[in-house]
Amino acid sequence: MFLDIEQFCRTLVSNQPSVAMVTWASHVAMDSFVKRFGPTLRREQAGMVLSKLNGADLDSASFEERISTALGRRDVSTCALLVYGIEPLTTASAGILNGYREKLARFRATIVMIRENRRRDFVVACPDLMDWMGTLVARAEDLAPPLTLREVNAAVKRIERQFGMSTKEFLTKWHSGEVERNDDHWFWNELIAIRHEMKSAAKP
């Protein structure tokens with residue numbers, strides 16, 4: 001068990017190369033980890049470069065293409081690859097990563113994020129990669145500190161721009177069932193709830 005994100009990064013860079021898994025249950029915890037991981041990693045290891053691979057809008061072919069492109073980077077030996085957003089193609093992405101396990105050693109580190117309720121499916125599909133990973137497994141909820149109100153407000157603004165809809169309009173459609181219950185909308189709803197809690201706690 002890791003006490004914080006600094007300890008996780010310190011352990012990650014102590015092996016060369018290394019592979020780790022970070023599970024998450026809350027979209028906010030996942031978002032917090034993704035935002036803080038790069039800066040924390042660079043504080044622990046000067047010169048490290050972070051390459052992010054978000055699989056949310058990819059199919060298996062484009063996911064494999066993105067892996068191959070990342071492996072062709074000139075700075076691959078000093079690069080940490082963060083793979084996340086792969087829940088829609090959990091089994092396929094796991095199989096691809098398992099097949100690339102030897103090539104992944106070119107990276108300084110590889111970190112895979114997976115939602116807790118999809119972890120078992122991922123593990124079953126990439127047994128060899130999991131053997132290499134060993135005990136380098138952590139929870140995003142344990143690693144990244146909670147977002148501040150300012151960060152939550154900024155995240156809400158980003159998602160409003162993404163969908164071209166105000167939060168008030170979104171909530172009306174959410175409660176009436178007019179919007180799909182997808183990951184982005186659950187994240188938006190979660191951010192709204194957290195913001196409400198933060199504002200309530202700040203009141204005298």
# chains A, B, ... in the order shown; residues from 1 in each chain; ligands from 1
>>> residues_around(residues="segment 133-136 of chain A", least_positions_apart="3", cutoff="8 Å", atoms="only C-alpha atoms", output="MDAnalysis selection string")
chainID A and resid 12 18:21 129:130
>>> write_last_selection(atoms="C-alpha atoms", output="PDB file, in the first residue's frame")
ATOM      1  CA  LEU A  12       7.935   3.485  -9.787  1.00  0.00           C
ATOM      2  CA  SER A  18       8.603  -0.713 -14.454  1.00  0.00           C
ATOM      3  CA  VAL A  19       4.895  -1.335 -14.942  1.00  0.00           C
ATOM      4  CA  ALA A  20       2.162  -0.307 -12.518  1.00  0.00           C
ATOM      5  CA  MET A  21      -1.612  -0.347 -12.235  1.00  0.00           C
ATOM      6  CA  LEU A 129       1.915  -8.238 -18.026  1.00  0.00           C
ATOM      7  CA  MET A 130       0.411  -8.700 -14.551  1.00  0.00           C
TER       8      MET A 130
END
>>> residues_around(residues="Glu102 of chain A", least_positions_apart="3", cutoff="12 Å", atoms="only C-alpha atoms", output="list in words")
Pro17, Ser18, Val19, Leu71, Ile96, Leu97, Asn98, Gly99, Ala105, Arg106, Phe107, Thr110, Asp128, Leu129 and Trp132 of chain A
>>> atom_distance(atom1="atom CA of Glu141 of chain A", atom2="atom CA of Leu50 of chain A")
20.9 Å
>>> closest_atom_pairs(of="segment 13-85 of chain A", to="segment 193-197 of chain A", cutoff="12 Å", atoms="only C-alpha atoms", output="tab-separated table")
residue	atom	partner	partner_atom	distance
A:Ser26	CA	A:Ile194	CA	11.3
A:His27	CA	A:Ile194	CA	11.4
A:Val28	CA	A:Ile194	CA	9.0
A:Ala29	CA	A:Ile194	CA	11.6
>>> write_last_selection(atoms="N, CA and C atoms", output="PDB file, in the first residue's frame")
ATOM      1  N   SER A  26     -13.881   6.415  -8.287  1.00  0.00           N
ATOM      2  CA  SER A  26     -14.464   7.744  -8.467  1.00  0.00           C
ATOM      3  C   SER A  26     -13.810   8.452  -9.639  1.00  0.00           C
ATOM      4  N   HIS A  27     -14.628   9.024 -10.527  1.00  0.00           N
ATOM      5  CA  HIS A  27     -14.086   9.786 -11.647  1.00  0.00           C
ATOM      6  C   HIS A  27     -13.234  10.950 -11.157  1.00  0.00           C
ATOM      7  N   VAL A  28     -13.628  11.537 -10.045  1.00  0.00           N
ATOM      8  CA  VAL A  28     -12.885  12.681  -9.516  1.00  0.00           C
ATOM      9  C   VAL A  28     -11.491  12.245  -9.079  1.00  0.00           C
ATOM     10  N   ALA A  29     -11.389  11.087  -8.433  1.00  0.00           N
ATOM     11  CA  ALA A  29     -10.084  10.570  -8.015  1.00  0.00           C
ATOM     12  C   ALA A  29      -9.218  10.265  -9.231  1.00  0.00           C
TER      13      ALA A  29
END
>>> select_by_dssp(residues="segment 12-195 of chain A", states="strand (DSSP E)", output="list of chain:residue names")
A:Ser18, A:Val19, A:Ala20, A:Met21, A:Val22, A:Thr23, A:Trp24, A:Val49, A:Leu50, A:Ser51, A:Lys52, A:Leu53, A:Asn54, A:Cys79, A:Ala80, A:Leu81, A:Leu82, A:Val83, A:Tyr84, A:Ala109, A:Thr110, A:Ile111, A:Val112, A:Met113, A:Ile114, A:Arg115, A:Val137, A:Ala138, A:Arg139
>>> closest_residue(among="A:Tyr84, A:Val152, A:Lys157, A:Asn189", to="Met30 of chain A", atoms="only C-alpha atoms")
A:Tyr84
>>> residues_around(residues="Val13 of chain A", least_positions_apart="2", cutoff="12 Å", atoms="only C-alpha atoms", output="ChimeraX atom specification")
/A:6-11,15-20,40-48,78-80,107-111,136
>>> write_last_selection(atoms="N, CA, C and O atoms", output="short mmCIF file (atom, residue, chain, number, x, y, z; two decimals), in the first residue's frame")
data_model
loop_
_atom_site.label_atom_id
_atom_site.label_comp_id
_atom_site.auth_asym_id
_atom_site.auth_seq_id
_atom_site.Cartn_x
_atom_site.Cartn_y
_atom_site.Cartn_z
N GLU A 6 3.55 10.71 -4.06
CA GLU A 6 5.01 10.86 -4.07
C GLU A 6 5.70 9.51 -3.85
O GLU A 6 6.65 9.16 -4.54
N GLN A 7 5.21 8.75 -2.87
CA GLN A 7 5.80 7.44 -2.60
C GLN A 7 5.59 6.49 -3.78
O GLN A 7 6.47 5.71 -4.13
N PHE A 8 4.42 6.58 -4.39
CA PHE A 8 4.13 5.74 -5.56
C PHE A 8 5.12 6.05 -6.68
O PHE A 8 5.70 5.12 -7.27
N CYS A 9 5.34 7.32 -6.97
CA CYS A 9 6.26 7.71 -8.04
C CYS A 9 7.70 7.32 -7.71
O CYS A 9 8.46 6.90 -8.57
N ARG A 10 8.07 7.46 -6.44
CA ARG A 10 9.41 7.10 -6.00
C ARG A 10 9.66 5.61 -6.22
O ARG A 10 10.73 5.20 -6.70
N THR A 11 8.68 4.80 -5.90
CA THR A 11 8.80 3.35 -6.10
C THR A 11 8.83 3.02 -7.58
O THR A 11 9.59 2.16 -8.03
N ASN A 15 12.61 1.17 -10.17
CA ASN A 15 12.80 0.03 -11.06
C ASN A 15 12.93 0.55 -12.49
O ASN A 15 12.29 1.54 -12.85
N GLN A 16 13.74 -0.11 -13.29
CA GLN A 16 13.90 0.33 -14.67
C GLN A 16 14.02 -0.86 -15.60
O GLN A 16 15.01 -1.60 -15.53
N PRO A 17 13.02 -1.04 -16.49
CA PRO A 17 11.75 -0.31 -16.55
C PRO A 17 10.76 -0.87 -15.52
O PRO A 17 11.05 -1.85 -14.84
N SER A 18 9.60 -0.23 -15.40
CA SER A 18 8.60 -0.71 -14.45
C SER A 18 7.20 -0.55 -15.04
O SER A 18 6.97 0.27 -15.92
N VAL A 19 6.30 -1.38 -14.53
CA VAL A 19 4.89 -1.33 -14.94
C VAL A 19 4.04 -1.29 -13.69
O VAL A 19 4.32 -2.01 -12.72
N ALA A 20 3.02 -0.44 -13.69
CA ALA A 20 2.16 -0.31 -12.52
C ALA A 20 0.71 -0.19 -12.95
O ALA A 20 0.41 0.16 -14.09
N THR A 40 4.36 15.31 -10.30
CA THR A 40 4.95 14.58 -9.18
C THR A 40 6.07 13.67 -9.66
O THR A 40 7.13 13.57 -9.04
N LEU A 41 5.84 13.01 -10.79
CA LEU A 41 6.85 12.11 -11.35
C LEU A 41 8.13 12.87 -11.68
O LEU A 41 9.23 12.40 -11.39
N ARG A 42 7.98 14.07 -12.26
CA ARG A 42 9.16 14.85 -12.63
C ARG A 42 9.91 15.38 -11.40
O ARG A 42 11.12 15.56 -11.45
N ARG A 43 9.19 15.59 -10.30
CA ARG A 43 9.88 15.99 -9.07
C ARG A 43 10.72 14.84 -8.52
O ARG A 43 11.77 15.06 -7.92
N GLU A 44 10.25 13.62 -8.71
CA GLU A 44 10.97 12.45 -8.21
C GLU A 44 12.12 12.04 -9.14
O GLU A 44 13.11 11.48 -8.69
N GLN A 45 11.96 12.33 -10.44
CA GLN A 45 12.99 11.92 -11.41
C GLN A 45 13.12 13.02 -12.47
O GLN A 45 12.31 13.13 -13.38
N ALA A 46 14.13 13.84 -12.34
CA ALA A 46 14.34 14.93 -13.28
C ALA A 46 14.51 14.39 -14.70
O ALA A 46 15.14 13.35 -14.91
N GLY A 47 13.93 15.08 -15.65
CA GLY A 47 14.09 14.69 -17.04
C GLY A 47 13.05 13.71 -17.54
O GLY A 47 13.03 13.37 -18.73
N MET A 48 12.18 13.24 -16.67
CA MET A 48 11.13 12.31 -17.08
C MET A 48 10.10 13.03 -17.94
O MET A 48 9.74 14.16 -17.68
N THR A 78 13.19 7.74 -21.64
CA THR A 78 12.97 8.63 -20.49
C THR A 78 11.48 8.98 -20.36
O THR A 78 11.11 9.92 -19.65
N CYS A 79 10.65 8.21 -21.03
CA CYS A 79 9.21 8.50 -21.10
C CYS A 79 8.40 7.53 -20.24
O CYS A 79 8.64 6.32 -20.25
N ALA A 80 7.47 8.08 -19.49
CA ALA A 80 6.50 7.27 -18.77
C ALA A 80 5.19 7.31 -19.55
O ALA A 80 4.71 8.39 -19.91
N PHE A 107 9.95 1.88 -22.54
CA PHE A 107 9.55 3.02 -21.73
C PHE A 107 10.25 2.99 -20.39
O PHE A 107 10.57 1.92 -19.86
N ARG A 108 10.47 4.14 -19.82
CA ARG A 108 11.02 4.22 -18.45
C ARG A 108 10.02 3.62 -17.47
O ARG A 108 10.41 2.99 -16.49
N ALA A 109 8.73 3.82 -17.75
CA ALA A 109 7.67 3.24 -16.92
C ALA A 109 6.38 3.24 -17.71
O ALA A 109 6.16 4.08 -18.58
N THR A 110 5.52 2.27 -17.40
CA THR A 110 4.19 2.20 -18.00
C THR A 110 3.17 2.08 -16.87
O THR A 110 3.31 1.24 -15.98
N ILE A 111 2.16 2.95 -16.88
CA ILE A 111 1.14 2.94 -15.84
C ILE A 111 -0.22 2.78 -16.50
O ILE A 111 -0.56 3.54 -17.42
N LEU A 136 3.08 -3.60 -7.81
CA LEU A 136 2.95 -2.18 -8.11
C LEU A 136 1.51 -1.85 -8.53
O LEU A 136 1.23 -1.56 -9.69
#
>>> atom_distance(atom1="atom CA of Phe33 of chain A", atom2="atom CA of Val137 of chain A")
13.9 Å
>>> closest_residue(among="A:Gly95, A:Ser166, A:Ile192, A:Asp142", to="Val123 of chain A", atoms="only C-alpha atoms")
A:Gly95
>>> closest_residue(among="A:Ala94, A:Ile5, A:Val34, A:Leu89", to="Asp59 of chain A", atoms="only C-alpha atoms")
A:Leu89
